[in-house]
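What follows is the content of query-v5.cif (mmCIF, C-alpha atoms and all ligand atoms).
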```cif
data_coords
loop_
_atom_site.label_atom_id
_atom_site.label_comp_id
_atom_site.auth_asym_id
_atom_site.auth_seq_id
_atom_site.Cartn_x
_atom_site.Cartn_y
_atom_site.Cartn_z
CA MET E 226 228.62 -103.44 -131.09
CA GLY E 227 231.71 -101.66 -132.49
CA ASP E 228 231.68 -98.04 -133.50
CA ILE E 229 230.46 -98.05 -137.11
CA LEU E 230 231.63 -94.46 -137.70
CA GLU E 231 235.17 -95.44 -136.69
CA LEU E 232 235.02 -98.33 -139.19
CA ILE E 233 233.70 -96.02 -141.91
CA LYS E 234 236.37 -93.41 -141.27
CA SER E 235 239.30 -95.81 -141.11
CA ARG E 236 238.48 -97.72 -144.34
CA ARG E 237 240.92 -96.93 -147.13
CA THR E 238 241.08 -97.81 -150.80
CA ILE E 239 243.77 -100.50 -151.03
CA LYS E 240 245.45 -101.08 -154.37
CA HIS E 241 248.51 -103.11 -153.40
CA PHE E 242 248.03 -106.60 -152.04
CA LEU E 243 250.11 -109.38 -150.49
CA PRO E 244 250.17 -112.70 -152.36
CA GLN E 245 247.87 -114.26 -149.79
CA PHE E 246 244.77 -116.39 -150.36
CA VAL E 247 241.41 -114.98 -149.28
CA SER E 248 239.17 -117.73 -147.93
CA TRP E 249 235.68 -118.39 -149.24
CA ASP E 250 234.49 -117.80 -145.69
CA SER E 251 235.67 -114.17 -145.92
CA VAL E 252 234.53 -113.67 -149.52
CA SER E 253 231.06 -115.02 -148.77
CA ARG E 254 230.78 -112.72 -145.73
CA VAL E 255 231.66 -109.73 -147.88
CA ILE E 256 229.01 -110.69 -150.46
CA ASP E 257 226.54 -111.37 -147.66
CA ALA E 258 227.02 -107.77 -146.51
CA GLY E 259 226.37 -106.64 -150.10
CA ARG E 260 223.14 -108.54 -150.48
CA HIS E 261 221.76 -107.00 -147.27
CA ALA E 262 222.05 -103.46 -148.66
CA PRO E 263 218.91 -101.44 -149.33
CA SER E 264 217.54 -101.64 -152.88
CA SER E 265 214.66 -99.87 -154.61
CA GLY E 266 211.47 -101.74 -153.62
CA ASN E 267 213.78 -104.46 -152.28
CA ILE E 268 214.19 -105.81 -155.84
CA GLN E 269 217.85 -106.81 -155.18
CA ASN E 270 218.69 -106.67 -158.88
CA TRP E 271 222.36 -107.54 -158.46
CA LYS E 272 224.66 -110.49 -159.05
CA PHE E 273 228.25 -111.05 -157.88
CA ILE E 274 230.84 -112.77 -160.09
CA VAL E 275 233.77 -114.07 -158.02
CA VAL E 276 237.10 -114.30 -159.82
CA TYR E 277 239.91 -116.26 -158.14
CA GLU E 278 241.72 -117.66 -161.15
CA PRO E 279 245.08 -115.84 -161.78
CA ASP E 280 244.84 -115.64 -165.60
CA GLN E 281 241.32 -114.25 -165.42
CA LYS E 282 242.38 -111.71 -162.74
CA GLN E 283 245.25 -110.67 -165.02
CA ALA E 284 242.88 -110.25 -167.98
CA ILE E 285 240.57 -108.11 -165.83
CA ALA E 286 243.46 -105.98 -164.52
CA GLU E 287 244.47 -105.30 -168.12
CA LEU E 288 241.02 -104.04 -169.10
CA CYS E 289 241.04 -101.66 -166.13
CA TYR E 290 243.14 -99.09 -168.02
CA GLU E 291 246.60 -99.99 -166.75
CA GLN E 292 245.60 -100.82 -163.16
CA TYR E 293 247.85 -103.91 -163.42
CA GLU E 294 248.30 -104.17 -159.64
CA LEU E 295 244.73 -105.45 -159.39
CA ALA E 296 245.92 -108.86 -160.59
CA GLN E 297 247.61 -109.25 -157.18
CA ALA E 298 244.29 -108.99 -155.30
CA GLY E 299 243.27 -112.28 -153.67
CA VAL E 300 239.94 -112.09 -155.41
CA LEU E 301 238.03 -109.76 -157.73
CA ILE E 302 234.27 -109.51 -157.39
CA VAL E 303 232.38 -108.10 -160.36
CA VAL E 304 229.16 -106.52 -159.10
CA CYS E 305 226.54 -106.61 -161.86
CA ALA E 306 223.18 -104.89 -162.19
CA GLU E 307 220.11 -106.39 -163.83
CA PRO E 308 218.63 -103.12 -165.15
CA GLU E 309 215.69 -104.80 -166.93
CA LYS E 310 214.31 -105.91 -163.59
CA ALA E 311 214.44 -102.34 -162.27
CA GLU E 312 212.93 -100.99 -165.48
CA ARG E 313 210.00 -103.41 -165.21
CA TYR E 314 209.09 -101.88 -161.86
CA TYR E 315 210.26 -98.27 -162.19
CA GLY E 316 210.70 -97.46 -165.90
CA LEU E 317 213.59 -95.28 -167.02
CA ARG E 318 214.37 -94.17 -163.44
CA GLY E 319 214.77 -97.82 -162.44
CA ASP E 320 216.97 -98.61 -165.42
CA ARG E 321 219.24 -95.56 -165.26
CA LEU E 322 219.26 -94.52 -161.61
CA TYR E 323 218.03 -97.17 -159.18
CA SER E 324 220.15 -99.94 -160.71
CA VAL E 325 223.27 -97.84 -160.19
CA GLN E 326 222.27 -96.81 -156.68
CA ASN E 327 221.35 -100.36 -155.64
CA CYS E 328 224.75 -101.71 -156.68
CA ALA E 329 226.53 -98.75 -155.08
CA ALA E 330 224.80 -99.45 -151.77
CA ALA E 331 225.80 -103.13 -152.00
CA VAL E 332 229.41 -102.22 -152.81
CA GLN E 333 229.78 -99.83 -149.88
CA ASN E 334 228.47 -102.54 -147.52
CA MET E 335 231.02 -104.93 -149.02
CA LEU E 336 233.95 -102.54 -148.50
CA LEU E 337 232.97 -102.00 -144.87
CA GLU E 338 232.58 -105.71 -144.15
CA ALA E 339 235.96 -106.37 -145.79
CA HIS E 340 237.53 -103.71 -143.57
CA SER E 341 235.90 -105.17 -140.47
CA LEU E 342 237.44 -108.57 -141.39
CA GLY E 343 240.91 -107.01 -141.68
CA LEU E 344 240.89 -107.21 -145.48
CA GLY E 345 241.82 -104.41 -147.85
CA SER E 346 239.51 -103.51 -150.70
CA ALA E 347 239.12 -101.15 -153.63
CA TRP E 348 236.08 -99.91 -155.53
CA ILE E 349 237.13 -100.08 -159.18
CA GLY E 350 234.93 -98.20 -161.60
CA ALA E 351 237.40 -97.53 -164.42
CA PHE E 352 237.22 -100.45 -166.84
CA ASP E 353 236.32 -101.27 -170.42
CA GLU E 354 232.79 -102.55 -169.94
CA ASP E 355 232.57 -104.51 -173.19
CA ALA E 356 235.91 -106.20 -172.57
CA LEU E 357 234.87 -107.11 -169.02
CA LYS E 358 231.63 -108.59 -170.33
CA GLU E 359 233.66 -110.72 -172.72
CA VAL E 360 236.11 -111.96 -170.06
CA CYS E 361 233.30 -112.85 -167.62
CA SER E 362 230.70 -114.08 -170.17
CA ILE E 363 228.23 -111.41 -169.05
CA PRO E 364 225.11 -111.28 -171.26
CA GLU E 365 224.10 -108.17 -173.21
CA GLU E 366 221.29 -107.07 -170.87
CA ILE E 367 223.45 -107.17 -167.71
CA ARG E 368 225.70 -104.21 -166.70
CA PRO E 369 228.85 -104.76 -164.68
CA GLN E 370 228.92 -101.73 -162.39
CA VAL E 371 231.90 -102.17 -160.11
CA ILE E 372 234.86 -104.47 -159.61
CA VAL E 373 235.60 -104.97 -155.92
CA ALA E 374 239.24 -105.91 -155.40
CA LEU E 375 239.79 -107.80 -152.17
CA GLY E 376 242.89 -109.01 -150.40
CA TYR E 377 245.44 -108.51 -147.65
CA ALA E 378 246.94 -105.03 -147.85
CA ARG E 379 250.60 -104.69 -148.69
CA GLU E 380 250.39 -101.07 -147.59
CA VAL E 381 247.66 -98.78 -146.31
CA PRO E 382 247.83 -95.32 -147.88
CA PRO E 383 247.36 -92.22 -145.73
CA LYS E 384 243.85 -90.90 -145.39
CA PRO E 385 243.04 -88.57 -148.29
CA PRO E 386 241.56 -85.19 -147.35
CA LYS E 387 237.80 -85.08 -146.85
CA TYR E 388 235.77 -81.85 -146.89
CA PRO E 389 234.78 -80.62 -143.42
CA LEU E 390 231.15 -81.29 -142.45
CA GLU E 391 230.23 -77.61 -142.17
CA THR E 392 231.19 -76.97 -145.80
CA LEU E 393 228.77 -79.66 -147.00
CA VAL E 394 225.60 -79.06 -144.99
CA TYR E 395 222.75 -76.68 -145.78
CA PHE E 396 219.57 -76.25 -143.75
CA GLY E 397 216.19 -76.22 -145.42
CA GLY E 398 217.46 -75.12 -148.82
CA TRP E 399 220.44 -74.85 -151.16
CA ARG E 400 223.28 -72.74 -149.73
CA ARG E 401 221.33 -71.92 -146.55
CA LYS E 402 223.94 -72.11 -143.83
CA ILE E 403 223.65 -71.80 -140.08
CA LYS E 404 226.43 -70.74 -137.72
CA ASP E 405 225.45 -72.88 -134.75
CA PRO E 406 223.47 -75.97 -135.84
CA ALA E 407 223.23 -77.35 -132.28
CA LYS E 408 221.56 -74.12 -131.05
CA TYR E 409 219.32 -74.07 -134.15
CA MET E 410 218.15 -77.65 -133.47
CA ASN E 411 217.60 -76.81 -129.83
CA ASP E 412 215.52 -73.74 -130.72
CA ILE E 413 213.42 -75.78 -133.15
CA ALA E 414 212.87 -78.48 -130.52
CA THR E 415 211.73 -75.82 -128.01
CA ILE E 416 209.33 -74.23 -130.53
CA LEU E 417 207.88 -77.64 -131.45
CA MET E 418 207.48 -78.55 -127.76
CA ARG E 419 205.61 -75.27 -127.06
CA LYS E 420 203.39 -75.79 -130.10
CA GLY E 421 202.69 -79.35 -128.92
CA GLN E 422 201.79 -78.15 -125.41
CA ALA E 423 199.47 -75.43 -126.81
CA ALA E 424 197.72 -78.00 -129.04
CA HIS E 425 197.36 -80.34 -126.07
CA GLU E 426 195.78 -77.58 -123.93
CA ALA E 427 193.40 -76.57 -126.76
CA LEU E 428 192.33 -80.19 -127.19
CA LYS E 429 191.73 -80.56 -123.44
CA GLU E 430 189.55 -77.43 -123.41
CA LYS E 431 187.57 -78.64 -126.42
CA ALA E 432 187.01 -82.05 -124.83
CA GLN E 433 185.87 -80.40 -121.58
CA SER E 434 183.37 -78.18 -123.44
CA VAL E 435 181.88 -81.28 -125.12
CA VAL E 436 181.60 -83.02 -121.73
CA ASP E 437 179.95 -79.86 -120.25
CA LYS E 438 177.42 -79.73 -123.11
CA ILE E 439 176.50 -83.39 -122.66
CA GLN E 440 176.11 -82.98 -118.90
CA LYS E 441 173.80 -79.95 -119.35
CA LYS E 442 171.44 -81.94 -121.56
C1 LIG E 501 232.53 -94.59 -158.50
C2 LIG E 501 233.93 -94.87 -158.03
C3 LIG E 501 234.87 -95.33 -158.93
C4 LIG E 501 236.19 -95.60 -158.50
N1 LIG E 501 237.08 -96.13 -159.39
C5 LIG E 501 238.35 -96.38 -158.99
C6 LIG E 501 239.28 -96.96 -159.88
O1 LIG E 501 238.99 -97.32 -161.01
N2 LIG E 501 240.57 -97.15 -159.42
C7 LIG E 501 240.93 -96.82 -158.15
O2 LIG E 501 242.11 -96.98 -157.82
N3 LIG E 501 240.06 -96.30 -157.27
C8 LIG E 501 238.76 -96.09 -157.66
N4 LIG E 501 237.86 -95.59 -156.75
C9 LIG E 501 238.29 -95.32 -155.37
C10 LIG E 501 238.55 -93.84 -155.14
O3 LIG E 501 239.69 -93.44 -155.85
C11 LIG E 501 238.74 -93.61 -153.60
O4 LIG E 501 237.55 -93.99 -152.95
C12 LIG E 501 239.06 -92.16 -153.27
O5 LIG E 501 240.33 -91.81 -153.76
C13 LIG E 501 239.04 -91.88 -151.78
O6 LIG E 501 239.90 -92.74 -151.07
P1 LIG E 501 239.36 -93.64 -149.86
O7 LIG E 501 238.42 -94.67 -150.47
O8 LIG E 501 240.57 -94.27 -149.25
O9 LIG E 501 238.64 -92.74 -148.90
C14 LIG E 501 236.55 -95.36 -157.15
C15 LIG E 501 235.57 -94.93 -156.25
C16 LIG E 501 234.28 -94.71 -156.67
C17 LIG E 501 233.23 -94.30 -155.65
#
```
I need this file expressed as structure tokens, please.
Ligand SMILES: Cc1cc2nc3c(=O)[nH]c(=O)nc-3n(C[C@H](O)[C@H](O)[C@H](O)COP(=O)(O)O)c2cc1C
Amino acid sequence: MGDILELIKSRRTIKHFLPQFVSWDSVSRVIDAGRHAPSSGNIQNWKFIVVYEPDQKQAIAELCYEQYELAQAGVLIVVCAEPEKAERYYGLRGDRLYSVQNCAAAVQNMLLEAHSLGLGSAWIGAFDEDALKEVCSIPEEIRPQVIVALGYAREVPPKPPKYPLETLVYFGGWRRKIKDPAKYMNDIATILMRKGQAAHEALKEKAQSVVDKIQKK
């Protein structure tokens, strides 16, 4: 198995594509990765609209607030949530939060699978939702969440800066930082091991006292 962290780190948002066809084999693999994402209660309340047709891609690019280069992508995949399904199970939290999270999990899987296939991809969230619904005949109750642009990269941009790990991690509470997390984990493991051993000894003694009592009778 390849190094998943390497794949995650080397993925880039690709906005400029070569005029090259993306096969259904690749597109279906990318969607397959999406549908295997985790979802709240495994409800899988997502649908994927595949757009290959040039005029429709152009119309979508135009409703993405001047992101015209998207029309050059081999394919655009509109990832849609079915919020009513999530609301039926989880109320407002399902409608507002889980539907968004479910689609986001699917989209990230899709970007990684695309990258592993040598395809470039972009997560597009800036679009006129009503106009997109019109162009893709999406019914009122369905929410298009993300457009995944997919194709062969014309250029791969340099990696944008990412915050260092130590600036993002707290231990046990907000803003609680630790200088040496490896030592901290090691100390905790030692304490837990000692506690475990003490509990084991206490249990053994207790069991022995019960055996002694029974034997005396
Ligand atoms: C919720 C969300 C919405 C985004 N919308 C757009 C978008 O409309 N257009 C775009 O070019 N990139 C969009 N992106 C991609 C980000 O700009 C990109 O992930 C970020 O700059 C970091 O670059 P990287 O993906 O190469 O690490 C979006 C990403 C997310 C998670």
Checklist entry - Quick one: of E:Glu354, E:Asp320, E:Asp257, E:Glu231, who's nearest to Glu307 (chain E), counting all atoms listed in the file? => result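 Among the listed residues, E:Asp320 lies closest to Glu307 (chain E).
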Item to check | From E:Gly266, E:Pro308, E:Pro382, E:Gly259, residue lying nearest Glu365 (chain E) [only C-alpha atoms] | outcome: E:Pro308
Provide an axis-aligned box for all listed atoms of region 374-382 of chain E, padding each side by 8 Å; report its centre and its edge lengths in Å to one decimal, as lines of an AutoDock Vina configuration file.
```
center_x = 244.9
center_y = -102.2
center_z = -150.9
size_x = 27.4
size_y = 29.7
size_z = 25.1
```
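Considering the residues E:Ile302, E:Val394, E:Val276, E:Val381 and counting only C-alpha atoms and all ligand atoms, ligand LIG 501 (chain E) has its shortest atom-to-atom contact with E:Val381.
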Item to check | Residue list as a PyMOL selection string for point (233.2, -103.9, -154.8), cut-off 9 Å, all atoms listed in the file | outcome: chain E and resi 259+301-304+328-329+331-336+346-349+370-375
Can I get the selection written as a compact mmCIF listing (two decimals), in the coordinates of the input, with C-alpha atoms?
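After the write, selection_36.txt holds the following:
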```
# COMPACT_ATOMS: atom_id res chain seq x y z
CA GLY E 259 226.37 -106.64 -150.10
CA LEU E 301 238.03 -109.76 -157.73
CA ILE E 302 234.27 -109.51 -157.39
CA VAL E 303 232.38 -108.10 -160.36
CA VAL E 304 229.16 -106.52 -159.10
CA CYS E 328 224.75 -101.71 -156.68
CA ALA E 329 226.53 -98.75 -155.08
CA ALA E 331 225.80 -103.13 -152.00
CA VAL E 332 229.41 -102.22 -152.81
CA GLN E 333 229.78 -99.83 -149.88
CA ASN E 334 228.47 -102.54 -147.52
CA MET E 335 231.02 -104.93 -149.02
CA LEU E 336 233.95 -102.54 -148.50
CA SER E 346 239.51 -103.51 -150.70
CA ALA E 347 239.12 -101.15 -153.63
CA TRP E 348 236.08 -99.91 -155.53
CA ILE E 349 237.13 -100.08 -159.18
CA GLN E 370 228.92 -101.73 -162.39
CA VAL E 371 231.90 -102.17 -160.11
CA ILE E 372 234.86 -104.47 -159.61
CA VAL E 373 235.60 -104.97 -155.92
CA ALA E 374 239.24 -105.91 -155.40
CA LEU E 375 239.79 -107.80 -152.17
```
Within 6 Å of ligand LIG 501 (chain E) (counting all atoms listed in the file), which residues show up? I'd like them as a PDB file with C-alpha atoms, in the frame of the given file.
```
ATOM      1  CA  ARG E 237     240.920 -96.930-147.130  1.00  0.00           C
ATOM      2  CA  THR E 238     241.080 -97.810-150.800  1.00  0.00           C
ATOM      3  CA  TRP E 348     236.080 -99.910-155.530  1.00  0.00           C
ATOM      4  CA  ILE E 349     237.130-100.080-159.180  1.00  0.00           C
ATOM      5  CA  GLY E 350     234.930 -98.200-161.600  1.00  0.00           C
ATOM      6  CA  ALA E 351     237.400 -97.530-164.420  1.00  0.00           C
ATOM      7  CA  PRO E 385     243.040 -88.570-148.290  1.00  0.00           C
TER       8      PRO E 385
END
```
Item to check | Pick from E:Gln297, E:Thr415, E:Asn270, E:Gln440, whichever lies nearest to Ile367 (chain E) using all atoms listed in the file | outcome: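 Smallest separation from Ile367 (chain E) among the options: E:Asn270.
Comparing the minimum interatomic distances between Glu366 (chain E) and each of E:Glu278, E:Tyr323, E:Leu288, E:Ala311, counting only C-alpha atoms, we find that E:Ala311 sits nearest.
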Checklist entry - Rounded to one decimal in Å, what is the spacing between CA of Gln326 (chain E) and CA of Glu359 (chain E)? => result 24.1 Å
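Closest approach to Gln283 (chain E) from the set E:Val360, E:Gly319, E:His340, E:Tyr314 is made by E:Val360, with distances taken over all atoms listed in the file.
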Item to check | Shell of 12 Å around Pro406 (chain E), all atoms listed in the file, local chain residues under 5 positions omitted, as a list in words | outcome: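 Near neighbours after the sequence-gap exclusion: Leu390, Glu391, Val394, Tyr395, Phe396, Arg401, Asn411, Asp412 and Ile413 of chain E.
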Checklist entry - Do you have the CA of Ser235 (chain E)-CA of Asn327 (chain E) distance handy? => result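 Distance reported for this atom pair: 23.5 Å.
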Checklist entry - When you draw a straight line from CA of Lys408 (chain E) to CA of Ala427 (chain E), how long is it in Å? => result 28.6 Å
Next on the checklist: Report as a list of chain:residue names all protein, DNA and RNA residues lying within 7 Å of Tyr277 (chain E), evaluated on all atoms listed in the file, omitting residues in the same chain fewer than 4 positions from it.
Outcome noted: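 Contacts, in chain order: E:Lys282, E:Gly299, E:Val300, E:Leu301.
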Student task, region 259-292 of chain E output with N, CA and C atoms as a tab-separated table (two decimals), in the first residue's frame:
```tsv
chain	number	residue	atom	x	y	z
E	259	GLY	N	-15.76	8.61	-3.56
E	259	GLY	CA	-16.69	9.49	-2.85
E	259	GLY	C	-17.76	8.71	-2.10
E	260	ARG	N	-18.32	7.72	-2.76
E	260	ARG	CA	-19.45	7.02	-2.13
E	260	ARG	C	-19.00	6.11	-0.99
E	261	HIS	N	-17.70	5.89	-0.86
E	261	HIS	CA	-17.20	5.09	0.27
E	261	HIS	C	-16.80	5.94	1.47
E	262	ALA	N	-17.06	7.23	1.40
E	262	ALA	CA	-16.73	8.12	2.53
E	262	ALA	C	-17.65	7.81	3.71
E	263	PRO	N	-17.21	8.20	4.92
E	263	PRO	CA	-18.15	8.07	6.05
E	263	PRO	C	-19.31	9.04	5.88
E	264	SER	N	-20.48	8.64	6.41
E	264	SER	CA	-21.62	9.57	6.44
E	264	SER	C	-22.40	9.31	7.73
E	265	SER	N	-23.07	10.34	8.21
E	265	SER	CA	-23.80	10.22	9.49
E	265	SER	C	-24.76	9.03	9.41
E	266	GLY	N	-24.61	8.09	10.33
E	266	GLY	CA	-25.49	6.90	10.35
E	266	GLY	C	-25.47	6.13	9.05
E	267	ASN	N	-24.43	6.33	8.27
E	267	ASN	CA	-24.29	5.69	6.95
E	267	ASN	C	-25.47	5.98	6.01
E	268	ILE	N	-26.05	7.18	6.12
E	268	ILE	CA	-27.25	7.47	5.30
E	268	ILE	C	-26.90	7.79	3.85
E	269	GLN	N	-25.64	8.17	3.58
E	269	GLN	CA	-25.17	8.36	2.19
E	269	GLN	C	-26.13	9.25	1.40
E	270	ASN	N	-26.44	10.41	1.98
E	270	ASN	CA	-27.43	11.28	1.34
E	270	ASN	C	-26.77	12.23	0.34
E	271	TRP	N	-26.15	11.63	-0.68
E	271	TRP	CA	-25.47	12.40	-1.71
E	271	TRP	C	-25.80	11.85	-3.10
E	272	LYS	N	-25.68	12.72	-4.07
E	272	LYS	CA	-25.80	12.31	-5.48
E	272	LYS	C	-24.74	13.07	-6.26
E	273	PHE	N	-24.32	12.52	-7.40
E	273	PHE	CA	-23.20	13.07	-8.17
E	273	PHE	C	-23.67	13.32	-9.61
E	274	ILE	N	-23.70	14.58	-10.02
E	274	ILE	CA	-24.12	14.89	-11.40
E	274	ILE	C	-22.86	15.10	-12.23
E	275	VAL	N	-22.69	14.26	-13.26
E	275	VAL	CA	-21.49	14.31	-14.09
E	275	VAL	C	-21.76	15.16	-15.32
E	276	VAL	N	-20.92	16.16	-15.53
E	276	VAL	CA	-21.13	17.06	-16.68
E	276	VAL	C	-19.92	16.99	-17.61
E	277	TYR	N	-20.15	16.42	-18.81
E	277	TYR	CA	-19.10	16.30	-19.82
E	277	TYR	C	-19.29	17.32	-20.95
E	278	GLU	N	-20.54	17.68	-21.18
E	278	GLU	CA	-20.92	18.42	-22.39
E	278	GLU	C	-20.35	19.85	-22.35
E	279	PRO	N	-19.58	20.27	-23.40
E	279	PRO	CA	-18.88	21.56	-23.36
E	279	PRO	C	-19.75	22.77	-23.06
E	280	ASP	N	-20.94	22.86	-23.69
E	280	ASP	CA	-21.79	24.05	-23.46
E	280	ASP	C	-22.25	24.11	-22.00
E	281	GLN	N	-22.56	22.93	-21.46
E	281	GLN	CA	-23.02	22.90	-20.06
E	281	GLN	C	-21.86	23.24	-19.10
E	282	LYS	N	-20.66	22.75	-19.43
E	282	LYS	CA	-19.48	23.11	-18.61
E	282	LYS	C	-19.25	24.62	-18.65
E	283	GLN	N	-19.41	25.20	-19.85
E	283	GLN	CA	-19.24	26.65	-20.01
E	283	GLN	C	-20.26	27.41	-19.15
E	284	ALA	N	-21.50	26.93	-19.20
E	284	ALA	CA	-22.57	27.60	-18.42
E	284	ALA	C	-22.24	27.51	-16.93
E	285	ILE	N	-21.72	26.38	-16.50
E	285	ILE	CA	-21.39	26.21	-15.08
E	285	ILE	C	-20.21	27.12	-14.71
E	286	ALA	N	-19.19	27.16	-15.58
E	286	ALA	CA	-18.03	28.02	-15.31
E	286	ALA	C	-18.48	29.47	-15.12
E	287	GLU	N	-19.46	29.88	-15.93
E	287	GLU	CA	-19.92	31.27	-15.85
E	287	GLU	C	-20.65	31.59	-14.55
E	288	LEU	N	-21.32	30.58	-13.98
E	288	LEU	CA	-22.04	30.85	-12.73
E	288	LEU	C	-21.14	30.66	-11.50
E	289	CYS	N	-19.86	30.37	-11.78
E	289	CYS	CA	-18.89	30.24	-10.68
E	289	CYS	C	-18.11	31.55	-10.48
E	290	TYR	N	-18.78	32.67	-10.64
E	290	TYR	CA	-18.19	33.99	-10.38
E	290	TYR	C	-16.83	34.17	-11.08
E	291	GLU	N	-16.88	34.13	-12.38
E	291	GLU	CA	-15.72	34.43	-13.23
E	291	GLU	C	-14.60	33.40	-13.16
E	292	GLN	N	-14.90	32.17	-12.76
E	292	GLN	CA	-13.88	31.11	-12.79
E	292	GLN	C	-14.01	30.40	-14.16
```
